[in-house]
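Notes follow the structure.
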Amino acid sequence: MNKIFIFLLAGFSVLACNFLFPQKASPTLNPEISSSENEQILELAELTIVRLHRQAGDLQAMLADESKKAAALGQMPVVEFDATWCPPCLAIDSAIEARNELMLSAYGGTYIIKLDVDEWGWNNGQVENFRFDAIPVYFKLDADGNQTSEVIDGGAWGEDIPENIAPVMDEFFHSGNQ
Amino acid sequence: MKIRYLFIPVFLCMLAACGRSSAATQGASLSLASFTENYVGVSILLEGNDKGEYFLSATFIPPDGYHLYSKDIPLNGVEGLGRPTLLELTEYSQLHALGILTESVKTMEPNFEPKELLVYPSGAVTLSLPVELPAADTWLNDAVKITFMACSESTCKPPVTGKIVSIRIPGVDVYK
């Protein structure tokens, strides 16, 4: 009798846990190149990350659109170029996915617009009108989605750990012209 | 007296020139091609030794602070990350590989996951492949395939995958 009661109690507990604490699908920051739809990858109170796909339309028009969305959220639009083969890019994504406090604090208030260089075509150090020679690289945008003169790449910090990345990115995002 | 001394450097220069003219013979090296792409310098050489063996080699020189990835990682990287450093003969090459590709420096584990993504220490790497020269007494057109990708601890240059590089190789009888 006691065994039946324990089994019933255990089953009820599992059901109650699932009901009270439903598991959400874990977002991934990695690109899905074949997609024609832009993706919202992460949305926290202070940080939004989206990925734009080439098939979804004209880049400058999409950047203008995303910048408006960023403004509505009170966040700063920033373009980030990355690639699936780039370990330093993955290190940043992993730290944010893991909700690393240093990284969330540094990236707070930003609206990151990710573009995969393989998808967008990185030829002669250029993707559309963005020029850069290494990734990851970040370009601040203005309210209309145009590049500003503020840009930073992974060369600004040393080993790819949050303790190195966060202070540099915090300063880049939160001091300066914007 | 002084004029006699002038002959010494002239003689040495002539000696050096002789050595250069026979640089492609056994015991020396012959430059086949060199280029820089995505900030990595690549030099391709044919080297011979006293035993009559020939080695096709490629030296990859990344920018300061950058490393290359092991020749032994998959072509599409480990879990998609990184790209191998490779010197390969093309399908229709007239060179015949006599052994495996060797590396001038040992690989090491990266200080991040996945640990299987082996890297060379920062700096230059030379890959070498023992080859048999084609049976011919003239120079022949050929090509090799080059793959690499350079990253630092925090940033990456774009990879170069399967770049075909034209070379001219000597037939084995050119040196007989």
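Ordering of the structure tokens sets the chain letters (A, B, ...), residue numbers begin anew at 1 in every chain, and ligands are numbered from 1 in the order given.
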>> Please find the residues of chain A near chain B - the criterion being any atom within 8 Å, counting only C-alpha atoms - and write them as a PyMOL selection string.
In response: chain A and resi 84-89+133-136+153-155+157-160
> To one decimal place, how far is atom CA of B:Val42 from atom CA of B:Thr138 in Å?
Replying inline: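 Atom CA of B:Thr138 lies at a distance of 25.8 Å from atom CA of B:Val42.
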> Which neighbours of A:Tyr107 fall inside 10 Å, counting only C-alpha atoms, when residues of the same chain fewer than 2 positions from it are skipped, and could you give them as a PyMOL selection string?
Replying inline: chain A and resi 46-48+76+96+101-105+109-112+166+169-174
> Just asking: which residues within stretch 2-167 of chain B are helix (DSSP H, G or I) according to DSSP, as a VMD selection string?
Replying inline: chain B and resid 2 to 21
> If you run DSSP on this backbone, which residues of stretch 48-170 of chain A come out as strand (DSSP E), and could you give them as a PyMOL selection string?
Replying inline: chain A and resi 48-51+76-82+110-116+126-127+130-131+137-141+147-153
Hey, can you spit out that residue selection with C-alpha atoms as a CSV table (one decimal), in the first residue's frame?
chain,number,residue,atom,x,y,z
A,48,THR,CA,18.3,41.3,-28.2
A,49,ILE,CA,20.1,39.2,-30.7
A,50,VAL,CA,18.7,38.6,-34.2
A,51,ARG,CA,20.2,37.0,-37.3
A,76,MET,CA,21.6,50.3,-29.5
A,77,PRO,CA,21.8,48.6,-32.9
A,78,VAL,CA,25.1,46.8,-33.6
A,79,VAL,CA,26.0,44.6,-36.5
A,80,GLU,CA,28.2,41.6,-35.7
A,81,PHE,CA,29.9,39.5,-38.4
A,82,ASP,CA,30.6,35.9,-37.5
A,110,THR,CA,22.4,46.4,-27.2
A,111,TYR,CA,20.5,45.0,-30.2
A,112,ILE,CA,22.9,42.6,-31.9
A,113,ILE,CA,22.3,42.0,-35.6
A,114,LYS,CA,24.3,38.9,-36.6
A,115,LEU,CA,25.4,38.3,-40.2
A,116,ASP,CA,27.3,35.2,-41.3
A,126,GLN,CA,34.3,43.4,-47.7
A,127,VAL,CA,30.6,42.5,-47.1
A,130,PHE,CA,31.3,46.9,-44.4
A,131,ARG,CA,35.1,46.5,-44.6
A,137,VAL,CA,33.8,42.3,-35.6
A,138,TYR,CA,31.1,44.7,-34.4
A,139,PHE,CA,29.9,47.9,-36.2
A,140,LYS,CA,27.7,50.4,-34.3
A,141,LEU,CA,24.8,51.6,-36.4
A,147,GLN,CA,27.3,52.4,-40.1
A,148,THR,CA,28.9,54.8,-37.7
A,149,SER,CA,32.7,55.1,-37.5
A,150,GLU,CA,32.7,52.9,-34.4
A,151,VAL,CA,34.0,49.4,-35.0
A,152,ILE,CA,35.8,46.8,-32.9
A,153,ASP,CA,37.0,43.3,-33.5
>> Please list as number ranges by chain every residue within 9 Å of stretch 85-93 of chain B, counting only C-alpha atoms and excluding residues in the same chain fewer than 3 positions away.
In response: B: 56-58, 60, 68-73, 96-97, 101, 125, 127-129, 142-149, 161-162, 164
Just the selected residues (C-alpha atoms), exported as a CSV table (one decimal), in the first residue's frame, please.
chain,number,residue,atom,x,y,z
B,56,LEU,CA,57.2,18.7,-52.0
B,57,SER,CA,56.8,21.2,-49.1
B,58,ALA,CA,54.6,24.2,-48.3
B,60,PHE,CA,52.6,28.7,-44.2
B,68,LEU,CA,47.1,27.4,-38.0
B,69,TYR,CA,45.1,24.2,-37.4
B,70,SER,CA,46.4,20.6,-37.5
B,71,LYS,CA,46.7,18.9,-40.9
B,72,ASP,CA,44.8,16.0,-39.3
B,73,ILE,CA,41.5,17.7,-38.4
B,96,HIS,CA,53.3,10.6,-57.1
B,97,ALA,CA,53.1,10.6,-53.3
B,101,LEU,CA,52.3,14.4,-45.1
B,125,VAL,CA,54.4,25.7,-40.2
B,127,LEU,CA,54.2,20.6,-44.4
B,128,SER,CA,56.3,18.1,-46.4
B,129,LEU,CA,55.3,15.3,-48.7
B,142,ASP,CA,51.3,20.7,-62.6
B,143,ALA,CA,49.2,21.9,-59.7
B,144,VAL,CA,48.8,21.4,-55.9
B,145,LYS,CA,45.9,22.1,-53.6
B,146,ILE,CA,46.3,24.3,-50.5
B,147,THR,CA,44.0,24.7,-47.5
B,148,PHE,CA,44.5,26.7,-44.4
B,149,MET,CA,42.9,29.1,-41.9
B,161,THR,CA,40.0,25.8,-48.9
B,162,GLY,CA,41.3,23.7,-51.8
B,164,ILE,CA,44.6,25.2,-56.8
